[in-house]
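What follows is query.json (JSON, N, CA and C atoms).
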[["chain", "number", "residue", "atom", "x", "y", "z"],
["O", 179, "MET", "N", 5.60, -2.72, 5.67],
["O", 179, "MET", "CA", 4.81, -2.05, 4.68],
["O", 179, "MET", "C", 4.26, -3.06, 3.67],
["O", 180, "LYS", "N", 5.10, -4.02, 3.26],
["O", 180, "LYS", "CA", 4.68, -4.99, 2.25],
["O", 180, "LYS", "C", 3.45, -5.77, 2.70],
["O", 181, "LYS", "N", 3.46, -6.24, 3.94],
["O", 181, "LYS", "CA", 2.35, -7.05, 4.44],
["O", 181, "LYS", "C", 1.05, -6.24, 4.47],
["O", 182, "ILE", "N", 1.13, -4.99, 4.85],
["O", 182, "ILE", "CA", -0.05, -4.14, 4.90],
["O", 182, "ILE", "C", -0.58, -3.89, 3.50],
["O", 183, "LEU", "N", 0.30, -3.52, 2.58],
["O", 183, "LEU", "CA", -0.13, -3.25, 1.21],
["O", 183, "LEU", "C", -0.69, -4.50, 0.55],
["O", 184, "ASP", "N", -0.07, -5.65, 0.82],
["O", 184, "ASP", "CA", -0.58, -6.92, 0.26],
["O", 184, "ASP", "C", -2.04, -7.15, 0.65],
["O", 185, "ALA", "N", -2.39, -6.79, 1.87],
["O", 185, "ALA", "CA", -3.75, -6.99, 2.35],
["O", 185, "ALA", "C", -4.76, -6.17, 1.55],
["O", 186, "TYR", "N", -4.29, -5.11, 0.91],
["O", 186, "TYR", "CA", -5.16, -4.26, 0.10],
["O", 186, "TYR", "C", -4.96, -4.47, -1.40],
["O", 187, "GLY", "N", -4.16, -5.47, -1.76],
["O", 187, "GLY", "CA", -3.95, -5.77, -3.17],
["O", 187, "GLY", "C", -3.04, -4.80, -3.88],
["O", 188, "VAL", "N", -2.14, -4.18, -3.13],
["O", 188, "VAL", "CA", -1.23, -3.18, -3.68],
["O", 188, "VAL", "C", 0.20, -3.59, -3.38],
["O", 189, "SER", "N", 1.11, -3.31, -4.29],
["O", 189, "SER", "CA", 2.53, -3.56, -4.04],
["O", 189, "SER", "C", 3.29, -2.26, -4.26],
["O", 190, "ALA", "N", 4.46, -2.17, -3.62],
["O", 190, "ALA", "CA", 5.30, -0.97, -3.74],
["O", 190, "ALA", "C", 6.72, -1.39, -4.05],
["O", 191, "ARG", "N", 7.35, -0.60, -4.89],
["O", 191, "ARG", "CA", 8.75, -0.84, -5.23],
["O", 191, "ARG", "C", 9.46, 0.51, -5.21],
["O", 192, "GLU", "N", 10.57, 0.60, -4.48],
["O", 192, "GLU", "CA", 11.33, 1.85, -4.44],
["O", 192, "GLU", "C", 12.08, 2.00, -5.76],
["O", 193, "LEU", "N", 12.00, 3.17, -6.34],
["O", 193, "LEU", "CA", 12.66, 3.44, -7.61],
["O", 193, "LEU", "C", 14.08, 3.95, -7.38],
["O", 194, "PRO", "N", 14.96, 3.80, -8.37],
["O", 194, "PRO", "CA", 16.35, 4.22, -8.22],
["O", 194, "PRO", "C", 16.52, 5.72, -7.92],
["O", 195, "ALA", "N", 15.51, 6.51, -8.21],
["O", 195, "ALA", "CA", 15.61, 7.96, -7.99],
["O", 195, "ALA", "C", 15.66, 8.32, -6.51],
["O", 196, "GLY", "N", 15.59, 7.35, -5.64],
["O", 196, "GLY", "CA", 15.58, 7.66, -4.22],
["O", 196, "GLY", "C", 14.16, 7.63, -3.70],
["O", 197, "ASP", "N", 13.84, 8.42, -2.77],
["O", 197, "ASP", "CA", 12.57, 8.41, -2.05],
["O", 197, "ASP", "C", 11.35, 8.53, -2.97],
["O", 198, "THR", "N", 11.26, 7.64, -3.94],
["O", 198, "THR", "CA", 10.16, 7.59, -4.91],
["O", 198, "THR", "C", 9.72, 6.14, -5.04],
["O", 199, "TYR", "N", 8.41, 5.91, -5.08],
["O", 199, "TYR", "CA", 7.88, 4.55, -5.09],
["O", 199, "TYR", "C", 6.92, 4.34, -6.24],
["O", 200, "LEU", "N", 7.00, 3.17, -6.85],
["O", 200, "LEU", "CA", 6.04, 2.75, -7.85],
["O", 200, "LEU", "C", 5.05, 1.83, -7.15],
["O", 201, "LEU", "N", 3.79, 2.24, -7.12],
["O", 201, "LEU", "CA", 2.73, 1.44, -6.53],
["O", 201, "LEU", "C", 1.94, 0.80, -7.65],
["O", 202, "SER", "N", 1.51, -0.43, -7.46],
["O", 202, "SER", "CA", 0.68, -1.09, -8.47],
["O", 202, "SER", "C", -0.34, -1.98, -7.77],
["O", 203, "ASN", "N", -1.45, -2.21, -8.49],
["O", 203, "ASN", "CA", -2.49, -3.09, -7.94],
["O", 203, "ASN", "C", -2.64, -4.31, -8.82],
["O", 204, "ARG", "N", -3.50, -5.22, -8.44],
["O", 204, "ARG", "CA", -3.65, -6.50, -9.14],
["O", 204, "ARG", "C", -4.33, -6.38, -10.49],
["O", 205, "THR", "N", -4.98, -5.25, -10.75],
["O", 205, "THR", "CA", -5.67, -5.07, -12.03],
["O", 205, "THR", "C", -4.84, -4.29, -13.04],
["O", 206, "GLY", "N", -3.59, -4.01, -12.70],
["O", 206, "GLY", "CA", -2.70, -3.33, -13.63],
["O", 206, "GLY", "C", -2.58, -1.84, -13.44],
["O", 207, "GLY", "N", -3.30, -1.29, -12.49],
["O", 207, "GLY", "CA", -3.18, 0.14, -12.21],
["O", 207, "GLY", "C", -1.84, 0.43, -11.54],
["O", 208, "SER", "N", -1.29, 1.60, -11.80],
["O", 208, "SER", "CA", -0.03, 1.97, -11.17],
["O", 208, "SER", "C", 0.02, 3.47, -10.92],
["O", 209, "LEU", "N", 0.92, 3.84, -10.03],
["O", 209, "LEU", "CA", 1.03, 5.22, -9.60],
["O", 209, "LEU", "C", 2.43, 5.42, -9.05],
["O", 210, "VAL", "N", 3.07, 6.54, -9.37],
["O", 210, "VAL", "CA", 4.37, 6.87, -8.80],
["O", 210, "VAL", "C", 4.14, 7.95, -7.75],
["O", 211, "VAL", "N", 4.69, 7.73, -6.56],
["O", 211, "VAL", "CA", 4.56, 8.72, -5.49],
["O", 211, "VAL", "C", 5.94, 9.14, -5.01],
["O", 212, "ALA", "N", 6.04, 10.40, -4.64],
["O", 212, "ALA", "CA", 7.30, 10.95, -4.14],
["O", 212, "ALA", "C", 7.27, 10.96, -2.62],
["O", 213, "GLY", "N", 8.01, 10.07, -2.02],
["O", 213, "GLY", "CA", 8.12, 10.04, -0.57],
["O", 213, "GLY", "C", 7.23, 9.01, 0.08],
["O", 214, "ILE", "N", 7.75, 8.44, 1.15],
["O", 214, "ILE", "CA", 7.03, 7.40, 1.88],
["O", 214, "ILE", "C", 5.72, 7.93, 2.43],
["O", 215, "ARG", "N", 5.64, 9.22, 2.74],
["O", 215, "ARG", "CA", 4.41, 9.76, 3.32],
["O", 215, "ARG", "C", 3.25, 9.74, 2.34],
["O", 216, "HIS", "N", 3.54, 9.63, 1.05],
["O", 216, "HIS", "CA", 2.48, 9.59, 0.04],
["O", 216, "HIS", "C", 2.08, 8.17, -0.35],
["O", 217, "VAL", "N", 2.79, 7.18, 0.16],
["O", 217, "VAL", "CA", 2.50, 5.79, -0.18],
["O", 217, "VAL", "C", 1.08, 5.41, 0.23],
["O", 218, "TRP", "N", 0.66, 5.79, 1.44],
["O", 218, "TRP", "CA", -0.64, 5.35, 1.94],
["O", 218, "TRP", "C", -1.79, 5.96, 1.15],
["O", 219, "ALA", "N", -1.69, 7.23, 0.81],
["O", 219, "ALA", "CA", -2.76, 7.86, 0.02],
["O", 219, "ALA", "C", -2.80, 7.25, -1.38],
["O", 220, "GLY", "N", -1.64, 7.01, -1.97],
["O", 220, "GLY", "CA", -1.59, 6.39, -3.29],
["O", 220, "GLY", "C", -2.13, 4.97, -3.27],
["O", 221, "ALA", "N", -1.78, 4.23, -2.23],
["O", 221, "ALA", "CA", -2.27, 2.86, -2.10],
["O", 221, "ALA", "C", -3.78, 2.84, -1.93],
["O", 222, "ALA", "N", -4.31, 3.77, -1.16],
["O", 222, "ALA", "CA", -5.76, 3.85, -0.97],
["O", 222, "ALA", "C", -6.45, 4.15, -2.30],
["O", 223, "SER", "N", -5.85, 5.01, -3.08],
["O", 223, "SER", "CA", -6.42, 5.34, -4.39],
["O", 223, "SER", "C", -6.45, 4.10, -5.30],
["O", 224, "LEU", "N", -5.36, 3.35, -5.31],
["O", 224, "LEU", "CA", -5.30, 2.14, -6.14],
["O", 224, "LEU", "C", -6.20, 1.03, -5.61],
["O", 225, "ALA", "N", -6.35, 0.96, -4.30],
["O", 225, "ALA", "CA", -7.19, -0.07, -3.69],
["O", 225, "ALA", "C", -8.67, 0.26, -3.81],
["O", 226, "GLY", "N", -8.97, 1.54, -4.01],
["O", 226, "GLY", "CA", -10.36, 1.96, -4.12],
["O", 226, "GLY", "C", -11.07, 2.04, -2.77],
["O", 227, "ARG", "N", -10.29, 2.11, -1.71],
["O", 227, "ARG", "CA", -10.86, 2.24, -0.36],
["O", 227, "ARG", "C", -9.82, 2.81, 0.59],
["O", 228, "GLU", "N", -10.30, 3.35, 1.69],
["O", 228, "GLU", "CA", -9.43, 3.94, 2.69],
["O", 228, "GLU", "C", -8.58, 2.86, 3.35],
["O", 229, "ILE", "N", -7.35, 3.20, 3.64],
["O", 229, "ILE", "CA", -6.48, 2.29, 4.39],
["O", 229, "ILE", "C", -6.37, 2.85, 5.80],
["O", 230, "ASP", "N", -6.99, 2.15, 6.74],
["O", 230, "ASP", "CA", -6.98, 2.57, 8.14],
["O", 230, "ASP", "C", -6.07, 1.61, 8.90],
["O", 231, "LEU", "N", -4.86, 2.05, 9.18],
["O", 231, "LEU", "CA", -3.88, 1.19, 9.82],
["O", 231, "LEU", "C", -4.23, 0.85, 11.26],
["O", 232, "LEU", "N", -5.19, 1.56, 11.85],
["O", 232, "LEU", "CA", -5.57, 1.31, 13.24],
["O", 232, "LEU", "C", -6.92, 0.61, 13.37],
["O", 233, "ASP", "N", -7.51, 0.20, 12.27],
["O", 233, "ASP", "CA", -8.79, -0.50, 12.29],
["O", 233, "ASP", "C", -8.63, -1.85, 12.99],
["O", 234, "ASP", "N", -9.48, -2.10, 13.97],
["O", 234, "ASP", "CA", -9.38, -3.34, 14.76],
["O", 234, "ASP", "C", -9.47, -4.60, 13.91],
["O", 235, "LYS", "N", -10.40, -4.65, 12.98],
["O", 235, "LYS", "CA", -10.54, -5.84, 12.11],
["O", 235, "LYS", "C", -9.28, -6.04, 11.28],
["O", 236, "PHE", "N", -8.74, -4.95, 10.77],
["O", 236, "PHE", "CA", -7.53, -5.04, 9.95],
["O", 236, "PHE", "C", -6.36, -5.55, 10.78],
["O", 237, "LEU", "N", -6.17, -5.01, 11.97],
["O", 237, "LEU", "CA", -5.07, -5.44, 12.84],
["O", 237, "LEU", "C", -5.21, -6.91, 13.21],
["O", 238, "LEU", "N", -6.43, -7.35, 13.48],
["O", 238, "LEU", "CA", -6.68, -8.75, 13.81],
["O", 238, "LEU", "C", -6.34, -9.65, 12.63],
["O", 239, "SER", "N", -6.71, -9.23, 11.43],
["O", 239, "SER", "CA", -6.40, -10.04, 10.24],
["O", 239, "SER", "C", -4.90, -10.14, 10.02],
["O", 240, "LEU", "N", -4.15, -9.08, 10.32],
["O", 240, "LEU", "CA", -2.70, -9.13, 10.20],
["O", 240, "LEU", "C", -2.10, -10.10, 11.22],
["O", 241, "GLU", "N", -2.62, -10.06, 12.44],
["O", 241, "GLU", "CA", -2.16, -10.98, 13.48],
["O", 241, "GLU", "C", -2.41, -12.43, 13.09],
["O", 242, "GLU", "N", -3.59, -12.69, 12.56],
["O", 242, "GLU", "CA", -3.96, -14.06, 12.20],
["O", 242, "GLU", "C", -3.14, -14.59, 11.03],
["O", 243, "SER", "N", -2.70, -13.71, 10.16],
["O", 243, "SER", "CA", -1.94, -14.16, 8.99],
["O", 243, "SER", "C", -0.45, -14.33, 9.29],
["O", 244, "SER", "N", -0.03, -13.94, 10.49],
["O", 244, "SER", "CA", 1.39, -14.07, 10.86],
["O", 244, "SER", "C", 1.75, -15.47, 11.25]]
Structure translated into structure tokens:
Amino acid sequence: MKKILDAYGVSARELPAGDTYLLSNRTGGSLVVAGIRHVWAGAASLAGREIDLLDDKFLLSLEESS
């Protein structure tokens, strides 16, 4: 998850409350989401663009950065 979010300029940290995450972007924006299933929508909101985990260009860029 970290590597994918990094590619979009977003980071996630699990909060002590359990299945709750603090998302933040490089410009200081932040968002708390309840549950891992909401991480992607929240990250897309902070990134200002859709996160398509199956996009060929995106997958290739992840492979190249490994």
Residue contacts of Leu200 (chain O) (7 Å, all atoms listed in the file) excluding same-chain residues fewer than 5 positions away, as a compact mmCIF listing (two decimals) with N, CA and C atoms, in the coordinates of the input:
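Ended up saving to part26.txt:
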# COMPACT_ATOMS: atom_id res chain seq x y z
N SER O 189 1.11 -3.31 -4.29
CA SER O 189 2.53 -3.56 -4.04
C SER O 189 3.29 -2.26 -4.26
N ALA O 190 4.46 -2.17 -3.62
CA ALA O 190 5.30 -0.97 -3.74
C ALA O 190 6.72 -1.39 -4.05
N ARG O 191 7.35 -0.60 -4.89
CA ARG O 191 8.75 -0.84 -5.23
C ARG O 191 9.46 0.51 -5.21
N GLU O 192 10.57 0.60 -4.48
CA GLU O 192 11.33 1.85 -4.44
C GLU O 192 12.08 2.00 -5.76
N LEU O 193 12.00 3.17 -6.34
CA LEU O 193 12.66 3.44 -7.61
C LEU O 193 14.08 3.95 -7.38
N SER O 208 -1.29 1.60 -11.80
CA SER O 208 -0.03 1.97 -11.17
C SER O 208 0.02 3.47 -10.92
N LEU O 209 0.92 3.84 -10.03
CA LEU O 209 1.03 5.22 -9.60
C LEU O 209 2.43 5.42 -9.05
N VAL O 210 3.07 6.54 -9.37
CA VAL O 210 4.37 6.87 -8.80
C VAL O 210 4.14 7.95 -7.75
N VAL O 211 4.69 7.73 -6.56
CA VAL O 211 4.56 8.72 -5.49
C VAL O 211 5.94 9.14 -5.01
Exercise for the section: Using DSSP on the backbone coordinates, identify all residues within chain O classified as strand (DSSP E); present the result as JSON, numbers by chain. Expected result: {"O": [188, 189, 190, 191, 192, 198, 199, 200, 201, 202, 203, 208, 209, 210, 211, 212]}
Could you list, as a PDB file with N, CA and C atoms, in the coordinates of the input, every residue within 7 Å of region 219-236 of chain O, counting all atoms listed in the file and ignoring same-chain residues fewer than 6 positions away?
ATOM      1  N   TYR O 186      -4.290  -5.110   0.910  1.00  0.00           N
ATOM      2  CA  TYR O 186      -5.160  -4.260   0.100  1.00  0.00           C
ATOM      3  C   TYR O 186      -4.960  -4.470  -1.400  1.00  0.00           C
ATOM      4  N   GLY O 187      -4.160  -5.470  -1.760  1.00  0.00           N
ATOM      5  CA  GLY O 187      -3.950  -5.770  -3.170  1.00  0.00           C
ATOM      6  C   GLY O 187      -3.040  -4.800  -3.880  1.00  0.00           C
ATOM      7  N   VAL O 188      -2.140  -4.180  -3.130  1.00  0.00           N
ATOM      8  CA  VAL O 188      -1.230  -3.180  -3.680  1.00  0.00           C
ATOM      9  C   VAL O 188       0.200  -3.590  -3.380  1.00  0.00           C
ATOM     10  N   LEU O 201       3.790   2.240  -7.120  1.00  0.00           N
ATOM     11  CA  LEU O 201       2.730   1.440  -6.530  1.00  0.00           C
ATOM     12  C   LEU O 201       1.940   0.800  -7.650  1.00  0.00           C
ATOM     13  N   SER O 202       1.510  -0.430  -7.460  1.00  0.00           N
ATOM     14  CA  SER O 202       0.680  -1.090  -8.470  1.00  0.00           C
ATOM     15  C   SER O 202      -0.340  -1.980  -7.770  1.00  0.00           C
ATOM     16  N   ASN O 203      -1.450  -2.210  -8.490  1.00  0.00           N
ATOM     17  CA  ASN O 203      -2.490  -3.090  -7.940  1.00  0.00           C
ATOM     18  C   ASN O 203      -2.640  -4.310  -8.820  1.00  0.00           C
ATOM     19  N   GLY O 207      -3.300  -1.290 -12.490  1.00  0.00           N
ATOM     20  CA  GLY O 207      -3.180   0.140 -12.210  1.00  0.00           C
ATOM     21  C   GLY O 207      -1.840   0.430 -11.540  1.00  0.00           C
ATOM     22  N   SER O 208      -1.290   1.600 -11.800  1.00  0.00           N
ATOM     23  CA  SER O 208      -0.030   1.970 -11.170  1.00  0.00           C
ATOM     24  C   SER O 208       0.020   3.470 -10.920  1.00  0.00           C
ATOM     25  N   LEU O 209       0.920   3.840 -10.030  1.00  0.00           N
ATOM     26  CA  LEU O 209       1.030   5.220  -9.600  1.00  0.00           C
ATOM     27  C   LEU O 209       2.430   5.420  -9.050  1.00  0.00           C
ATOM     28  N   VAL O 211       4.690   7.730  -6.560  1.00  0.00           N
ATOM     29  CA  VAL O 211       4.560   8.720  -5.490  1.00  0.00           C
ATOM     30  C   VAL O 211       5.940   9.140  -5.010  1.00  0.00           C
TER      31      VAL O 211
END
Fill in the blank from the handout: From CA of Gly213 (chain O) to atom N of Asp184 (chain O) the spacing works out at 17.8 Å
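Residues of chain O that DSSP places in helix (DSSP H, G or I), based on the backbone of this structure, are Lys180, Lys181, Ile182, Leu183, Asp184, Ala185, Ile214, Arg215, His216, Val217, Trp218, Ala219, Gly220, Ala221, Ala222, Ser223, Leu224, Ala225, Asp234, Lys235, Phe236, Leu237, Leu238, Ser239, Leu240, Glu241, Glu242 and Ser243 of chain O.
Among the candidates O:Glu242, O:Ala185, O:Met179, O:His216, the one nearest to Asp197 (chain O) when counting only C-alpha atoms is O:His216.
Among O:Tyr199, O:Arg215, O:Arg204, O:Leu240, the residue with the shortest atom-to-atom distance to Ile182 (chain O), counting all atoms listed in the file, is O:Leu240.
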Let me have the centre and edge lengths in Å, one decimal, of the box along x, y and z around every listed atom of region 188-206 of chain O with 5 Å of margin on each side, as JSON.
{"center_x": 5.4, "center_y": 1.0, "center_z": -7.8, "size_x": 32.2, "size_y": 25.0, "size_z": 21.6}
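CA of Lys181 (chain O) to atom C of Gly196 (chain O) spans 20.5 Å [interatomic distance, one decimal].
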Problem - Distance in Å - atom N of Glu241 (chain O) versus CA of Trp218 (chain O) - result: 18.8 Å
